[in-house]
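Peer 1: Dropping a structure here in structure tokens format, bear with me for questions.
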Amino acid sequence: MSLLVLEHATKRFKSGQRETVALDDASLELDAGDCVAVYGLRRSGRTTLLRAAAGILPLDEGTVRFGGRDLSGRSAHALGVEIGYCSASFDPAHGGTVTDHVAVALLARGVGRTRARDRAEEALERAGASASAHLDPRELHADELVRAGIARALVTRPRLLLLDEPTNGVDLLERDAILALLRELADTGTAVLMTVGEPVAGADRVLALDRGRLRGDAVPEQASVLPLRPRHAEPVA
Amino acid sequence: MLALVIEQPSYGYEVWQRFDARFGGLLDVGASRIYQAFDALLDAGLIEEVPGTAHASRRQPRPSYRTTAAGRRQHRAWVVDELHRDPERLELGRRLLASVADDAVALRELIDRYEQACLDEMAQLAPADADADPDASGSAVAERLLAEERRLVLEARMKWILFARRQLGTS
């Protein structure tokens, strides 16, 4: 049984007389340890796909299952705990340090302040963002913002990490380092699903998205229970 | 061959070993062909014997070779030529596409298959070693440059596939 299963997911948006099909009969499966990149240009439906996978977007047709359970009935519990979502921007508008921002998800769930800070620092270290921990998010460079966003998504130790364009606006060397990080996270068992606007290295599978239609190998070669497949790097300790 | 001699002047068998390590699987060439290639490069004046190496020691009773200035010029020209072979490739594609241009179903199937091949190739892209020191190894830099070139080529192909689908009125 795959960790994440989208089946015939369809989502339409209406604006006046115009109807846009943002997701058109999209099916996709992800196992633990998978790293899947979805390539698409702007307005191809990338963010809609991720929001559907996170269970935060009601579908017009189709289903999303996470761990075998229908996400539409339990989205509030899955997102932010078992599913980490890293949006295209870190949204550093509200002051505080990066550590404060990363710890918010835990504080909101009643975790004590000290424990939440420890976990936030651990997540920042895992994301390679320890050097940014004490900074105001508004001081961060593009790649540091991405890493801080990944840390914020990782702080709840999710089984699935969703990332919206994690390499957007990042210079080439930092882009490769971020992709290597995502590969490492997958190799240690976290399922990684990212959207990208350019071909990227490190994914097990690459799918293409165009006008909501998903193409490519939507299903892993051996859909099975929790495969761990170290490929390019040693697992992160 | 010329590139390997530029990289490190040496004798025939050692160059063949490096050739095999570098290009094995892409260009499988036996050791005997290497000596023929050495002769051709010598005749063309692109490499020359390093003076005094033919019988320099009992361990290495054979000549070492190094490139001449003409050889280095020829090598640079050849590398540039190899790097932009795309016009030839595009012309080949044009002629192949022309064979199915009147068959929309065949064209769409061709584009679908081409897209899948590109997606598979993307999945083969290995992340660059983030810890590699670009100053430490010339070959690491070269690997990175080639990987980026391959990635950008794939990006162009994917955009072409989107364009082709729009032209064919399909999604």
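Labeling convention for the structure tokens: chains A, B, ... as they appear, residues from 1 per chain, ligands from 1 in order of appearance.
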Once DSSP has gone over the backbone, tell me which residues of segment 22-212 of chain A are in helix (DSSP H, G or I), as a ChimeraX atom specification.

Peer 2: /A:46-54,71-73,75-78,98-107,113-126,130-132,137-139,142-154,172-187

Peer 1: Keeping C-alpha atoms, export the residues of the selection given above as an mmCIF file, in the first residue's frame.

Peer 2:
data_model
loop_
_atom_site.group_PDB
_atom_site.id
_atom_site.type_symbol
_atom_site.label_atom_id
_atom_site.label_comp_id
_atom_site.auth_asym_id
_atom_site.auth_seq_id
_atom_site.Cartn_x
_atom_site.Cartn_y
_atom_site.Cartn_z
ATOM 1 C CA ARG A 46 1.579 22.528 -9.818
ATOM 2 C CA THR A 47 0.403 24.224 -6.639
ATOM 3 C CA THR A 48 -3.089 22.777 -7.026
ATOM 4 C CA LEU A 49 -1.577 19.308 -7.219
ATOM 5 C CA LEU A 50 0.401 19.845 -4.020
ATOM 6 C CA ARG A 51 -2.564 21.316 -2.161
ATOM 7 C CA ALA A 52 -4.657 18.354 -3.270
ATOM 8 C CA ALA A 53 -1.943 15.968 -2.066
ATOM 9 C CA ALA A 54 -1.889 17.787 1.281
ATOM 10 C CA LEU A 71 -7.588 12.654 3.432
ATOM 11 C CA SER A 72 -10.792 14.589 2.898
ATOM 12 C CA GLY A 73 -12.036 13.340 6.268
ATOM 13 C CA SER A 75 -6.947 16.731 6.565
ATOM 14 C CA ALA A 76 -6.624 18.883 9.669
ATOM 15 C CA HIS A 77 -4.772 16.058 11.422
ATOM 16 C CA ALA A 78 -2.534 15.005 8.550
ATOM 17 C CA VAL A 98 13.929 31.732 12.195
ATOM 18 C CA THR A 99 13.887 29.304 15.118
ATOM 19 C CA ASP A 100 10.705 30.970 16.413
ATOM 20 C CA HIS A 101 9.032 30.508 13.034
ATOM 21 C CA VAL A 102 10.105 26.901 12.736
ATOM 22 C CA ALA A 103 8.852 26.120 16.259
ATOM 23 C CA VAL A 104 5.386 27.596 15.692
ATOM 24 C CA ALA A 105 3.815 24.373 14.416
ATOM 25 C CA LEU A 106 4.828 22.583 17.634
ATOM 26 C CA LEU A 107 3.806 25.409 19.973
ATOM 27 C CA ARG A 113 8.537 26.092 24.636
ATOM 28 C CA THR A 114 11.904 24.477 25.461
ATOM 29 C CA ARG A 115 11.037 21.224 23.755
ATOM 30 C CA ALA A 116 9.688 23.087 20.727
ATOM 31 C CA ARG A 117 12.910 25.111 20.442
ATOM 32 C CA ASP A 118 15.028 21.957 20.691
ATOM 33 C CA ARG A 119 12.979 20.309 17.972
ATOM 34 C CA ALA A 120 13.149 23.448 15.829
ATOM 35 C CA GLU A 121 16.938 23.531 16.140
ATOM 36 C CA GLU A 122 17.080 19.856 15.266
ATOM 37 C CA ALA A 123 14.941 20.482 12.155
ATOM 38 C CA LEU A 124 17.097 23.452 11.168
ATOM 39 C CA GLU A 125 20.201 21.321 11.488
ATOM 40 C CA ARG A 126 18.624 18.574 9.390
ATOM 41 C CA SER A 130 21.523 26.081 11.601
ATOM 42 C CA ALA A 131 23.480 29.182 10.641
ATOM 43 C CA SER A 132 20.185 31.018 10.058
ATOM 44 C CA PRO A 137 13.792 35.738 8.349
ATOM 45 C CA ARG A 138 13.824 39.033 6.453
ATOM 46 C CA GLU A 139 17.639 38.863 6.490
ATOM 47 C CA ALA A 142 16.843 32.892 -1.208
ATOM 48 C CA ASP A 143 18.483 29.536 -0.496
ATOM 49 C CA GLU A 144 18.412 30.147 3.253
ATOM 50 C CA LEU A 145 14.690 30.881 3.041
ATOM 51 C CA VAL A 146 14.163 27.576 1.230
ATOM 52 C CA ARG A 147 16.106 25.685 3.872
ATOM 53 C CA ALA A 148 14.224 27.458 6.660
ATOM 54 C CA GLY A 149 10.967 26.510 4.937
ATOM 55 C CA ILE A 150 12.094 22.886 4.726
ATOM 56 C CA ALA A 151 13.017 22.975 8.432
ATOM 57 C CA ARG A 152 9.578 24.373 9.290
ATOM 58 C CA ALA A 153 7.973 21.537 7.332
ATOM 59 C CA LEU A 154 10.250 18.947 8.947
ATOM 60 C CA LEU A 172 22.864 27.064 -9.258
ATOM 61 C CA LEU A 173 25.287 25.798 -6.620
ATOM 62 C CA GLU A 174 22.775 26.256 -3.827
ATOM 63 C CA ARG A 175 20.100 24.627 -5.959
ATOM 64 C CA ASP A 176 22.206 21.478 -6.227
ATOM 65 C CA ALA A 177 22.816 21.474 -2.483
ATOM 66 C CA ILE A 178 19.077 21.755 -1.773
ATOM 67 C CA LEU A 179 18.320 18.920 -4.188
ATOM 68 C CA ALA A 180 20.982 16.790 -2.516
ATOM 69 C CA LEU A 181 19.321 17.545 0.828
ATOM 70 C CA LEU A 182 15.914 16.446 -0.480
ATOM 71 C CA ARG A 183 17.482 13.292 -1.860
ATOM 72 C CA GLU A 184 18.979 12.573 1.575
ATOM 73 C CA LEU A 185 15.614 13.101 3.244
ATOM 74 C CA ALA A 186 14.054 10.600 0.844
ATOM 75 C CA ASP A 187 16.870 8.137 1.458
#

Peer 1: Sorted by chain and rising residue number, which residues of chain A lie within 12 Å of chain B, and what are their closest atom pairs and distances in Å to one decimal, counting only C-alpha atoms, as CSV?

Peer 2:
residue,atom,partner,partner_atom,distance
A:Asp24,CA,B:Ser171,CA,10.4
A:Asp34,CA,B:Ala123,CA,11.8
A:Cys35,CA,B:Ala123,CA,9.7
A:Val36,CA,B:Ala123,CA,8.8
A:Ala37,CA,B:Ala123,CA,8.6
A:Val38,CA,B:Leu119,CA,9.8
A:Tyr39,CA,B:Leu119,CA,9.0
A:Gly40,CA,B:Met158,CA,9.1
A:Leu41,CA,B:Lys159,CA,8.7
A:Arg42,CA,B:Lys159,CA,12.0
A:Ser44,CA,B:Leu162,CA,10.7
A:Gly128,CA,B:Ala130,CA,11.7
A:Leu172,CA,B:Glu148,CA,9.0
A:Leu173,CA,B:Ala130,CA,7.7
A:Glu174,CA,B:Ala130,CA,8.2
A:Arg175,CA,B:Ala130,CA,9.5
A:Asp176,CA,B:Ala128,CA,5.9
A:Ala177,CA,B:Ala130,CA,5.0
A:Ile178,CA,B:Ala130,CA,8.6
A:Leu179,CA,B:Pro127,CA,6.5
A:Ala180,CA,B:Pro127,CA,5.7
A:Leu181,CA,B:Ala130,CA,9.0
A:Leu182,CA,B:Pro127,CA,10.0
A:Arg183,CA,B:Pro127,CA,8.2
A:Glu184,CA,B:Pro127,CA,10.5
A:Val196,CA,B:Glu155,CA,11.2
A:Gly197,CA,B:Glu155,CA,9.1
A:Glu198,CA,B:Glu155,CA,6.2
A:Pro199,CA,B:Glu155,CA,5.9
A:Val200,CA,B:Met122,CA,6.9
A:Ala201,CA,B:Leu125,CA,4.5
A:Gly202,CA,B:Pro127,CA,5.1
A:Ala203,CA,B:Ala123,CA,5.4
A:Asp204,CA,B:Ala123,CA,5.5
A:Arg205,CA,B:Ala123,CA,5.3
A:Val206,CA,B:Leu119,CA,5.4
A:Leu207,CA,B:Leu119,CA,6.5
A:Ala208,CA,B:Leu119,CA,7.5
A:Leu209,CA,B:Leu162,CA,9.9
A:Asp210,CA,B:Ser171,CA,7.2
A:Arg211,CA,B:Ser171,CA,7.4
A:Gly212,CA,B:Ser171,CA,9.2
A:Arg213,CA,B:Ser171,CA,7.3
A:Leu214,CA,B:Ser171,CA,9.9
A:Arg215,CA,B:Gln116,CA,8.1
A:Gly216,CA,B:Gln116,CA,6.0
A:Asp217,CA,B:Gln116,CA,8.3
A:Ala218,CA,B:Gln116,CA,11.5
A:Arg231,CA,B:Ala126,CA,9.6
A:His232,CA,B:Ala126,CA,7.5
A:Ala233,CA,B:Asp129,CA,9.4

Peer 1: At what distance in Å, to one decimal, does atom CA of Val5 of chain B lie from atom CA of Pro63 of chain B?

Peer 2: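 The value is 12.8 Å.
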
Peer 1: One decimal, in Å: what's the spacing between atom CA of Ala127 of chain A and atom CA of Thr188 of chain A?

Peer 2: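 Interatomic distance, atom CA of Ala127 of chain A to atom CA of Thr188 of chain A: 13.1 Å.
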
Peer 1: Quick one: everything within 8 Å of Ile6 of chain B, counting only C-alpha atoms, minus sequence neighbours fewer than 4 positions away in the same chain. Send it as a list in words.

Peer 2: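 Contacts, with the query itself left out: Leu2, Arg66, Thr67 and Arg72 of chain B.
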
Peer 1: So how many Å separate atom CA of Thr195 of chain A and atom CA of Arg166 of chain B, to one decimal?

Peer 2: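 Distance between the two atoms: 21.7 Å.
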
Peer 1: Give me the residues within 10 Å of segment 18-32 of chain B as a list in words, counting only C-alpha atoms and dropping any in the same chain fewer than 6 places off.

Peer 2: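 Once the adjacent positions are removed, what remains is Met1, Ala3, Leu4, Val5 and Gly12 of chain B.
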
Peer 1: Could those selected residues go to a file with N, CA, C and O atoms, as a PDB file, in the first residue's frame?

Peer 2:
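Output (part32.pdb):
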ATOM      1  N   MET B   1      41.741  10.421 -27.169  1.00  0.00           N
ATOM      2  CA  MET B   1      43.164  10.079 -27.033  1.00  0.00           C
ATOM      3  C   MET B   1      43.999  11.336 -26.827  1.00  0.00           C
ATOM      4  O   MET B   1      44.808  11.422 -25.902  1.00  0.00           O
ATOM      5  N   ALA B   3      42.951  14.191 -25.862  1.00  0.00           N
ATOM      6  CA  ALA B   3      42.580  14.802 -24.579  1.00  0.00           C
ATOM      7  C   ALA B   3      43.326  14.142 -23.430  1.00  0.00           C
ATOM      8  O   ALA B   3      43.802  14.810 -22.510  1.00  0.00           O
ATOM      9  N   LEU B   4      43.450  12.822 -23.497  1.00  0.00           N
ATOM     10  CA  LEU B   4      44.102  12.101 -22.400  1.00  0.00           C
ATOM     11  C   LEU B   4      45.602  12.379 -22.371  1.00  0.00           C
ATOM     12  O   LEU B   4      46.212  12.425 -21.303  1.00  0.00           O
ATOM     13  N   VAL B   5      46.180  12.551 -23.546  1.00  0.00           N
ATOM     14  CA  VAL B   5      47.611  12.888 -23.587  1.00  0.00           C
ATOM     15  C   VAL B   5      47.838  14.321 -23.102  1.00  0.00           C
ATOM     16  O   VAL B   5      48.820  14.619 -22.426  1.00  0.00           O
ATOM     17  N   GLY B  12      51.710   4.382 -24.152  1.00  0.00           N
ATOM     18  CA  GLY B  12      50.500   3.857 -24.758  1.00  0.00           C
ATOM     19  C   GLY B  12      49.559   3.089 -23.852  1.00  0.00           C
ATOM     20  O   GLY B  12      48.373   3.394 -23.781  1.00  0.00           O
TER      21      GLY B  12
END

Peer 1: Taking only C-alpha atoms into account, name the residue in A:Ala32, A:Ala9, A:Gly189, A:Leu4 that is nearest to Phe66 of chain A.

Peer 2: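 Ranked by minimum distance to Phe66 of chain A, first place goes to A:Leu4.
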
Peer 1: Could you pull out the strand (DSSP E or B) residues of segment 24-232 of chain A from DSSP and send them as number ranges by chain?

Peer 2: A: 24-30, 35-39, 61-66, 69-70, 79, 83-86, 160-164, 191-196, 205-210, 213-215
